[in-house]
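Dumped model-v8.txt below, it's compact mmCIF, C-alpha atoms and all ligand atoms:
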# COMPACT_ATOMS: atom_id res chain seq x y z
CA MET K 1 0.00 0.00 0.00
CA ARG K 2 1.29 3.50 -0.81
CA VAL K 3 0.48 5.90 2.04
CA LEU K 4 0.75 9.69 1.74
CA SER K 5 0.15 12.64 4.03
CA ALA K 6 1.35 16.17 4.82
CA ILE K 7 1.27 19.01 7.33
CA GLN K 8 1.48 22.75 6.81
CA PRO K 9 4.53 24.62 8.14
CA THR K 10 2.43 27.24 9.89
CA GLY K 11 4.01 27.19 13.34
CA ALA K 12 3.99 24.71 16.19
CA ILE K 13 2.71 21.20 15.55
CA HIS K 14 0.25 20.37 18.31
CA ILE K 15 -1.00 17.18 19.94
CA GLY K 16 -4.10 17.33 17.68
CA ASN K 17 -1.87 17.02 14.60
CA TYR K 18 0.05 14.27 16.36
CA LEU K 19 -2.90 12.18 17.56
CA GLY K 20 -4.98 12.77 14.41
CA ALA K 21 -2.24 12.25 11.84
CA ILE K 22 1.45 11.75 12.73
CA LYS K 23 0.90 8.93 15.25
CA GLN K 24 -0.80 6.91 12.51
CA TRP K 25 2.02 7.67 10.06
CA ILE K 26 4.60 6.20 12.39
CA ASP K 27 2.68 2.91 12.65
CA LEU K 28 1.96 2.78 8.91
CA GLN K 29 5.58 3.50 8.06
CA GLU K 30 6.63 0.06 9.32
CA LYS K 31 4.78 -1.97 6.69
CA ASN K 32 4.02 0.37 3.80
CA GLU K 33 5.64 2.59 1.23
CA CYS K 34 5.13 6.03 2.75
CA ILE K 35 5.39 9.58 1.44
CA PHE K 36 5.29 12.39 4.03
CA PHE K 37 5.94 15.99 3.12
CA ILE K 38 5.72 19.58 4.31
CA CYS K 39 3.06 21.35 2.26
CA ASP K 40 4.51 24.87 2.10
CA LEU K 41 2.42 25.72 -0.99
CA HIS K 42 -0.79 25.26 0.98
CA SER K 43 0.41 27.68 3.65
CA ILE K 44 0.83 30.62 1.28
CA THR K 45 -2.94 30.75 0.70
CA ILE K 46 -3.35 32.72 3.94
CA PRO K 47 -1.28 35.70 5.14
CA TYR K 48 2.26 34.67 6.19
CA ASP K 49 5.69 36.20 6.71
CA PRO K 50 8.13 35.24 3.91
CA LYS K 51 11.08 36.15 6.17
CA GLU K 52 10.00 33.60 8.78
CA PHE K 53 8.91 30.94 6.29
CA GLN K 54 12.16 28.97 5.86
CA LYS K 55 12.57 28.86 9.64
CA ASN K 56 9.04 27.44 9.98
CA ILE K 57 9.72 24.83 7.30
CA LEU K 58 12.87 23.73 9.10
CA GLU K 59 11.03 23.60 12.42
CA THR K 60 8.32 21.43 10.82
CA ALA K 61 10.98 19.13 9.36
CA ILE K 62 12.46 18.79 12.86
CA THR K 63 9.00 17.92 14.19
CA TYR K 64 8.54 15.16 11.60
CA LEU K 65 11.90 13.64 12.48
CA ALA K 66 11.51 14.06 16.25
CA ALA K 67 8.07 12.41 16.06
CA GLY K 68 9.54 9.36 14.32
CA VAL K 69 9.30 9.83 10.55
CA ASN K 70 12.21 7.74 9.30
CA PRO K 71 13.72 9.14 6.08
CA GLU K 72 15.47 5.81 5.43
CA LYS K 73 12.05 4.19 5.15
CA SER K 74 9.75 6.99 4.00
CA ILE K 75 10.04 9.61 1.30
CA PHE K 76 10.30 12.93 3.15
CA PHE K 77 10.52 16.32 1.41
CA VAL K 78 9.17 19.85 0.94
CA GLN K 79 6.27 20.14 -1.52
CA SER K 80 7.50 23.21 -3.46
CA LYS K 81 10.75 21.38 -4.33
CA VAL K 82 8.78 19.05 -6.61
CA LYS K 83 7.23 21.32 -9.22
CA GLU K 84 4.93 18.61 -10.55
CA HIS K 85 2.54 19.28 -7.62
CA THR K 86 1.59 22.69 -9.04
CA GLU K 87 1.63 21.42 -12.60
CA LEU K 88 -0.84 18.62 -11.87
CA CYS K 89 -2.94 21.02 -9.76
CA TRP K 90 -3.52 23.19 -12.83
CA LEU K 91 -4.45 20.19 -14.99
CA LEU K 92 -6.87 18.80 -12.38
CA GLY K 93 -8.57 22.20 -12.22
CA SER K 94 -10.13 21.34 -15.57
CA VAL K 95 -12.02 18.37 -14.07
CA THR K 96 -12.96 19.96 -10.71
CA PRO K 97 -16.48 21.40 -10.34
CA VAL K 98 -16.42 24.89 -8.77
CA GLY K 99 -19.60 23.92 -6.88
CA ASP K 100 -17.65 21.18 -5.06
CA LEU K 101 -14.93 23.65 -4.05
CA LEU K 102 -17.52 26.12 -2.76
CA ARG K 103 -19.12 23.56 -0.46
CA MET K 104 -15.88 22.53 1.31
CA THR K 105 -16.21 23.23 5.04
CA GLN K 106 -12.67 24.58 5.32
CA TYR K 107 -13.31 26.98 2.42
CA LYS K 108 -16.52 28.22 4.07
CA GLU K 109 -14.70 28.85 7.36
CA LYS K 110 -11.66 30.50 5.77
CA SER K 111 -13.76 32.66 3.44
CA LYS K 112 -15.53 34.08 6.50
CA GLN K 113 -12.23 34.64 8.29
CA PHE K 114 -10.63 36.41 5.29
CA LYS K 115 -13.80 38.05 3.97
CA LYS K 116 -12.10 41.32 3.04
CA ASN K 117 -9.16 39.83 1.14
CA LEU K 118 -10.25 36.45 -0.13
CA ASP K 119 -7.81 35.03 -2.68
CA ALA K 120 -8.42 32.27 -5.23
CA GLY K 121 -5.77 30.15 -3.48
CA ILE K 122 -8.17 29.42 -0.60
CA LEU K 123 -10.81 28.14 -3.01
CA ASN K 124 -8.33 26.11 -5.07
CA TYR K 125 -6.54 24.68 -2.04
CA PRO K 126 -8.29 21.24 -2.28
CA ILE K 127 -7.22 20.86 -5.94
CA LEU K 128 -3.60 21.18 -4.85
CA MET K 129 -4.25 18.60 -2.15
CA ALA K 130 -5.80 16.26 -4.75
CA ALA K 131 -2.72 16.81 -6.94
CA ASP K 132 -0.46 15.95 -3.96
CA ILE K 133 -2.25 12.64 -3.52
CA LEU K 134 -2.88 11.63 -7.15
CA LEU K 135 0.63 12.55 -8.31
CA TYR K 136 1.92 9.57 -6.33
CA LYS K 137 -1.14 7.37 -6.94
CA ALA K 138 -1.41 6.93 -3.17
CA ASN K 139 -3.83 4.26 -1.93
CA ALA K 140 -4.34 5.61 1.57
CA VAL K 141 -4.26 9.01 3.23
CA PRO K 142 -4.00 9.12 7.04
CA VAL K 143 -5.47 12.43 8.26
CA GLY K 144 -7.58 13.94 11.02
CA GLU K 145 -11.33 14.37 10.54
CA ASP K 146 -11.13 17.95 9.23
CA GLN K 147 -9.24 16.80 6.11
CA ALA K 148 -11.49 13.82 5.27
CA GLN K 149 -13.74 15.97 3.06
CA HIS K 150 -10.74 16.99 0.94
CA VAL K 151 -9.75 13.35 0.44
CA GLU K 152 -13.32 12.60 -0.58
CA LEU K 153 -13.10 15.39 -3.18
CA THR K 154 -9.82 13.85 -4.36
CA ARG K 155 -11.74 10.65 -5.12
CA THR K 156 -14.30 12.64 -7.11
CA ILE K 157 -11.53 14.37 -9.08
CA ALA K 158 -9.82 11.02 -9.78
CA ARG K 159 -13.12 9.57 -11.01
CA LYS K 160 -13.85 12.55 -13.25
CA PHE K 161 -10.36 12.48 -14.72
CA ASN K 162 -10.61 8.74 -15.42
CA GLN K 163 -14.04 9.14 -17.04
CA ARG K 164 -12.81 11.86 -19.34
CA PHE K 165 -9.28 10.72 -20.19
CA GLY K 166 -9.21 6.98 -19.42
CA LYS K 167 -8.23 5.03 -16.29
CA THR K 168 -5.23 6.78 -14.75
CA PHE K 169 -5.81 7.23 -11.03
CA ASN K 170 -7.06 4.96 -8.27
CA GLU K 171 -9.40 6.39 -5.65
CA PRO K 172 -7.47 6.79 -2.38
CA LYS K 173 -9.08 5.84 0.92
CA THR K 174 -9.02 8.00 4.04
CA ILE K 175 -7.48 6.52 7.17
CA LEU K 176 -8.89 8.09 10.33
CA PRO K 177 -7.71 7.05 13.79
CA LYS K 178 -10.35 5.16 15.82
CA MET K 179 -10.00 7.78 18.54
CA GLY K 180 -8.41 11.25 18.30
CA ALA K 181 -9.55 12.16 14.78
CA ARG K 182 -10.77 15.47 16.20
CA ILE K 183 -8.97 16.69 19.29
CA MET K 184 -10.71 19.74 20.70
CA SER K 185 -9.35 23.09 21.85
CA LEU K 186 -8.34 23.49 25.50
CA THR K 187 -9.95 26.92 25.70
CA ASN K 188 -13.14 26.08 23.79
CA PRO K 189 -13.86 22.33 23.70
CA LYS K 190 -16.63 22.81 21.13
CA LYS K 191 -14.02 23.84 18.53
CA LYS K 192 -11.17 21.73 17.21
CA MET K 193 -7.66 22.31 18.51
CA SER K 194 -6.01 24.50 15.91
CA LYS K 195 -2.92 26.64 15.42
CA SER K 196 -4.99 29.60 14.30
CA MET K 197 -6.73 29.91 17.69
CA GLY K 198 -3.49 30.75 19.49
CA PRO K 199 -1.06 28.87 21.78
CA GLN K 200 -3.39 28.71 24.81
CA ASN K 201 -5.77 26.40 22.93
CA TYR K 202 -3.18 23.75 22.08
CA ILE K 203 -0.24 21.85 23.51
CA SER K 204 2.67 21.78 21.13
CA LEU K 205 4.82 18.66 20.88
CA PHE K 206 7.71 20.81 22.12
CA ASP K 207 6.07 22.76 24.94
CA GLU K 208 8.18 22.96 28.08
CA PRO K 209 6.86 21.22 31.26
CA GLU K 210 5.77 24.52 32.88
CA GLU K 211 3.77 25.50 29.79
CA ILE K 212 2.10 22.09 29.62
CA GLU K 213 1.11 22.27 33.27
CA LYS K 214 -0.23 25.81 32.94
CA LYS K 215 -2.29 25.00 29.84
CA VAL K 216 -3.74 21.75 31.20
CA MET K 217 -4.58 23.23 34.61
CA SER K 218 -6.41 26.15 32.98
CA ALA K 219 -8.18 24.03 30.32
CA ILE K 220 -11.92 24.70 30.23
CA THR K 221 -13.88 21.96 31.99
CA ASP K 222 -17.59 21.46 32.53
CA SER K 223 -19.99 22.06 35.37
CA GLY K 224 -20.45 19.15 37.76
CA LYS K 225 -17.72 17.09 39.35
CA GLU K 226 -17.84 13.73 37.62
CA ILE K 227 -15.00 12.57 35.40
CA LYS K 228 -17.17 10.87 32.77
CA TYR K 229 -16.91 10.59 29.00
CA ASN K 230 -19.89 12.41 27.47
CA PRO K 231 -18.86 14.64 24.53
CA VAL K 232 -22.29 16.32 24.35
CA LYS K 233 -22.81 17.17 28.02
CA LYS K 234 -19.16 17.26 29.11
CA PRO K 235 -17.08 18.25 26.06
CA GLY K 236 -14.14 19.61 28.11
CA ILE K 237 -13.61 16.59 30.36
CA SER K 238 -14.34 14.19 27.47
CA ASN K 239 -11.63 15.79 25.34
CA LEU K 240 -9.12 15.55 28.20
CA LEU K 241 -10.09 11.90 28.75
CA VAL K 242 -9.44 11.14 25.05
CA ILE K 243 -6.02 12.80 25.27
CA TYR K 244 -5.26 10.92 28.50
CA SER K 245 -6.34 7.61 26.98
CA LEU K 246 -4.29 8.04 23.81
CA PHE K 247 -1.08 9.01 25.61
CA SER K 248 -1.41 6.40 28.37
CA GLY K 249 -2.78 3.55 26.24
CA LYS K 250 -5.49 3.00 28.90
CA PRO K 251 -9.14 2.64 27.82
CA ILE K 252 -11.46 5.49 28.82
CA LYS K 253 -13.55 3.15 31.01
CA GLU K 254 -10.50 2.30 33.09
CA LEU K 255 -9.71 6.02 33.51
CA GLU K 256 -13.29 6.80 34.54
CA ASN K 257 -13.08 4.08 37.22
CA PHE K 258 -9.69 5.22 38.44
CA PHE K 259 -10.67 8.90 38.69
CA ASN K 260 -14.11 8.15 40.15
CA GLY K 261 -14.65 10.47 43.15
CA LYS K 262 -11.44 12.43 42.48
CA SER K 263 -11.47 16.17 41.71
CA TYR K 264 -11.01 17.81 38.31
CA SER K 265 -7.77 19.35 39.54
CA PHE K 266 -6.42 15.93 40.63
CA PHE K 267 -7.27 14.56 37.18
CA LYS K 268 -5.68 17.54 35.40
CA LYS K 269 -2.52 17.30 37.52
CA SER K 270 -2.22 13.64 36.56
CA LEU K 271 -2.82 14.46 32.86
CA SER K 272 -0.22 17.20 32.87
CA GLU K 273 2.36 14.81 34.41
CA LEU K 274 1.49 12.22 31.74
CA LEU K 275 1.92 14.78 28.95
CA ILE K 276 5.16 16.16 30.37
CA ASN K 277 6.63 12.63 30.45
CA SER K 278 5.19 11.51 27.10
CA LEU K 279 6.45 14.59 25.26
CA GLU K 280 9.92 14.54 26.85
CA PRO K 281 11.47 12.42 24.03
CA PHE K 282 10.15 14.94 21.44
CA ARG K 283 11.76 17.86 23.28
CA ARG K 284 15.03 15.95 23.62
CA LYS K 285 15.16 14.92 19.94
CA ARG K 286 14.32 18.46 18.86
CA LYS K 287 17.31 19.81 20.79
CA GLU K 288 19.59 17.26 19.07
CA LEU K 289 18.15 18.01 15.63
CA LEU K 290 18.53 21.79 16.04
CA LEU K 291 22.30 21.18 15.81
CA ARG K 292 21.97 19.15 12.58
CA GLU K 293 20.59 21.62 10.05
CA THR K 294 22.87 20.43 7.23
CA TYR K 295 21.79 16.81 7.72
CA ILE K 296 18.12 17.86 7.63
CA LYS K 297 18.54 19.88 4.44
CA GLU K 298 20.41 17.02 2.73
CA THR K 299 17.74 14.55 3.84
CA LEU K 300 15.00 16.78 2.38
CA ASN K 301 16.91 17.11 -0.91
CA ILE K 302 17.32 13.35 -1.22
CA GLY K 303 13.60 12.93 -0.44
CA ALA K 304 12.65 15.49 -3.12
CA LYS K 305 14.70 13.59 -5.72
CA ARG K 306 12.98 10.30 -4.83
CA ALA K 307 9.57 11.99 -4.99
CA GLU K 308 10.39 13.65 -8.31
CA THR K 309 11.05 10.30 -10.00
CA ILE K 310 7.52 9.10 -9.21
CA ALA K 311 5.97 12.52 -9.94
CA GLN K 312 7.59 12.83 -13.36
CA SER K 313 6.40 9.42 -14.44
CA THR K 314 2.78 10.26 -13.47
CA MET K 315 3.00 13.61 -15.27
CA GLU K 316 4.18 11.94 -18.48
CA GLU K 317 1.18 9.61 -18.37
CA VAL K 318 -1.28 12.42 -17.49
CA LYS K 319 -0.01 14.78 -20.18
CA SER K 320 -0.07 12.08 -22.79
CA LYS K 321 -3.68 11.16 -21.89
CA MET K 322 -4.66 14.85 -22.03
CA GLY K 323 -3.06 15.35 -25.44
CA LEU K 324 -0.38 17.65 -24.10
CA VAL K 325 2.63 15.90 -25.67
P1 LIG S 401 -3.00 20.64 8.60
O1 LIG S 401 -1.60 21.13 8.48
O2 LIG S 401 -4.06 21.61 8.96
O3 LIG S 401 -3.07 19.48 9.67
C1 LIG S 401 -2.20 18.38 9.60
C2 LIG S 401 -2.89 17.10 10.05
O4 LIG S 401 -3.35 17.22 11.40
C3 LIG S 401 -4.74 16.88 11.46
N1 LIG S 401 -5.36 17.71 12.52
C4 LIG S 401 -6.05 17.23 13.55
N2 LIG S 401 -6.35 15.97 13.93
C5 LIG S 401 -7.07 15.80 15.06
N3 LIG S 401 -7.49 16.84 15.83
C6 LIG S 401 -7.21 18.12 15.50
N4 LIG S 401 -7.62 19.12 16.27
C7 LIG S 401 -6.46 18.36 14.31
N5 LIG S 401 -6.00 19.49 13.69
C8 LIG S 401 -5.34 19.07 12.59
C9 LIG S 401 -5.28 17.22 10.08
O5 LIG S 401 -6.48 16.54 9.81
C10 LIG S 401 -4.13 16.77 9.20
O6 LIG S 401 -4.18 15.38 8.96
N6 LIG S 401 -4.43 20.25 3.81
C11 LIG S 401 -3.77 19.56 4.89
C12 LIG S 401 -2.37 19.13 4.55
C13 LIG S 401 -2.20 18.42 3.25
C14 LIG S 401 -2.42 17.04 3.03
C15 LIG S 401 -2.06 16.83 1.65
C16 LIG S 401 -2.85 15.99 3.84
C17 LIG S 401 -1.75 18.97 2.08
N7 LIG S 401 -1.67 17.99 1.11
C18 LIG S 401 -2.19 15.54 1.09
C19 LIG S 401 -2.97 14.73 3.27
C20 LIG S 401 -2.63 14.52 1.91
C21 LIG S 401 -3.71 20.49 6.10
O7 LIG S 401 -3.78 21.67 5.98
O8 LIG S 401 -3.42 19.85 7.27
Once you've parsed the file, please lay out its structure as structure tokens.
Amino acid sequence: MRVLSAIQPTGAIHIGNYLGAIKQWIDLQEKNECIFFICDLHSITIPYDPKEFQKNILETAITYLAAGVNPEKSIFFVQSKVKEHTELCWLLGSVTPVGDLLRMTQYKEKSKQFKKNLDAGILNYPILMAADILLYKANAVPVGEDQAQHVELTRTIARKFNQRFGKTFNEPKTILPKMGARIMSLTNPKKKMSKSMGPQNYISLFDEPEEIEKKVMSAITDSGKEIKYNPVKKPGISNLLVIYSLFSGKPIKELENFFNGKSYSFFKKSLSELLINSLEPFRRKRKELLLRETYIKETLNIGAKRAETIAQSTMEEVKSKMGLV
């Protein structure tokens, strides 16, 4: 099976990204051919600072490596280094219904957020994501819940291309984790944890122990005292229970029994200790990797070359089918 996924280099990678996506990648990497990249071209669709951009890309590369992406096993690179992504994106635009782009949830949210200066990039964003996936003819795409709709659109685009130009692409399946596909914000548990809501709403993989403790202790919880999983009535505690369960490997039922009769603050103290210990290896590896910039850049270049070989072969086939050669 060929597995493919990516993350934007838009600042700290948080435990939502980790539990929803990266944790699955690391397991899948053992038995599959994997392609993991940093999608810098997606990040330029919203305002960003070009001066900070290379630093953010490097920081994201460090996160991938610290979290366990193994460049000996998986193809690991930066999207803009393989120009076929943008080339295929343009070609797929001719089989993508505008109506489908307009109904994407992420587009609807972003178009509200950037109402005054809405650029075409935000609308076309899912076509680039489809190009990312189809360029490598990936069979499976491990992502969090918020990206599942874009993978579904990728299947539609693949189908439409095949109908019009002959069988070229397979339809990739989405791989969602059984639990953790949508980790919620610490400050507003009705919204997903996201970088755009600011550092208080997430825990980064590299947060220092004091920050973790402060954020967990001040996480919004619900009225009542019971530590019970009930996402509708108790979204705050339920989200913290999911995080606890995924980092400890203990089922939620067992946690509910253990914390029965204990206070919210006892539970939060225990969760913050768990997170501090679980994230320690990430912080340690990051410190080591910060001293190895040359190695990281070389690794990314090698990855881009490996990716390019596959990408060029797909582009030859696509262009020939479309009458472009
Ligand atoms: P991005 O950078 O927003 O998020 C990266 C991954 O993290 C998942 N995720 C979450 N999972 C659980 N709970 C959360 N609160 C949470 N927040 C984010 C996302 O679902 C995603 O899997 N467009 C994509 C990147 C992309 C891509 C691709 C993915 C570009 N090309 C091709 C797969 C295949 C994005 O912006 O993800």
> What is the distance between atom N6 of ligand LIG 401 (chain S) and CA of Ile276 in chain K, in Å to one decimal?
Replying inline: 28.5 Å
Quick one: residues within 7 Å of range 86-95 of chain K, all atoms listed in the file counted, chain neighbours fewer than 3 positions away excluded, as a short mmCIF file (atom, residue, chain, number, x, y, z; two decimals) with C-alpha atoms, keeping the file's coordinate frame?
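Dumped everything to result-v1.cif:
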data_model
loop_
_atom_site.label_atom_id
_atom_site.label_comp_id
_atom_site.auth_asym_id
_atom_site.auth_seq_id
_atom_site.Cartn_x
_atom_site.Cartn_y
_atom_site.Cartn_z
CA LYS K 83 7.23 21.32 -9.22
CA ILE K 127 -7.22 20.86 -5.94
CA LEU K 128 -3.60 21.18 -4.85
CA ALA K 131 -2.72 16.81 -6.94
CA ILE K 157 -11.53 14.37 -9.08
CA LYS K 160 -13.85 12.55 -13.25
CA PHE K 161 -10.36 12.48 -14.72
#
> Got a sec to check which residues lie within 6 Å of ligand LIG 401 (chain S), using all atoms listed in the file, and send them as a list in words?
Replying inline: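 Within the 6 Å cut-off, the matching residues are Leu4, Ser5, Ala6, Ile7, Gln8, Gly16, Asn17, Gly20, Ala21, Cys39, Met129, Asp132, Ile133, Val141, Val143, Gly144, Glu145, Asp146, Gln147, Gly180, Ala181, Arg182, Ile183, Met184, Lys192, Met193 and Ser194 of chain K.
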> Could you pull the residues within 9 Å of Pro281 in chain K, counting all atoms listed in the file, minus those fewer than 5 positions along the same chain, as an MDAnalysis selection string?
Replying inline: chainID K and resid 66:67 286
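Of note, CA of Ser80 in chain K and CA of Met315 in chain K are spaced 15.9 Å apart.
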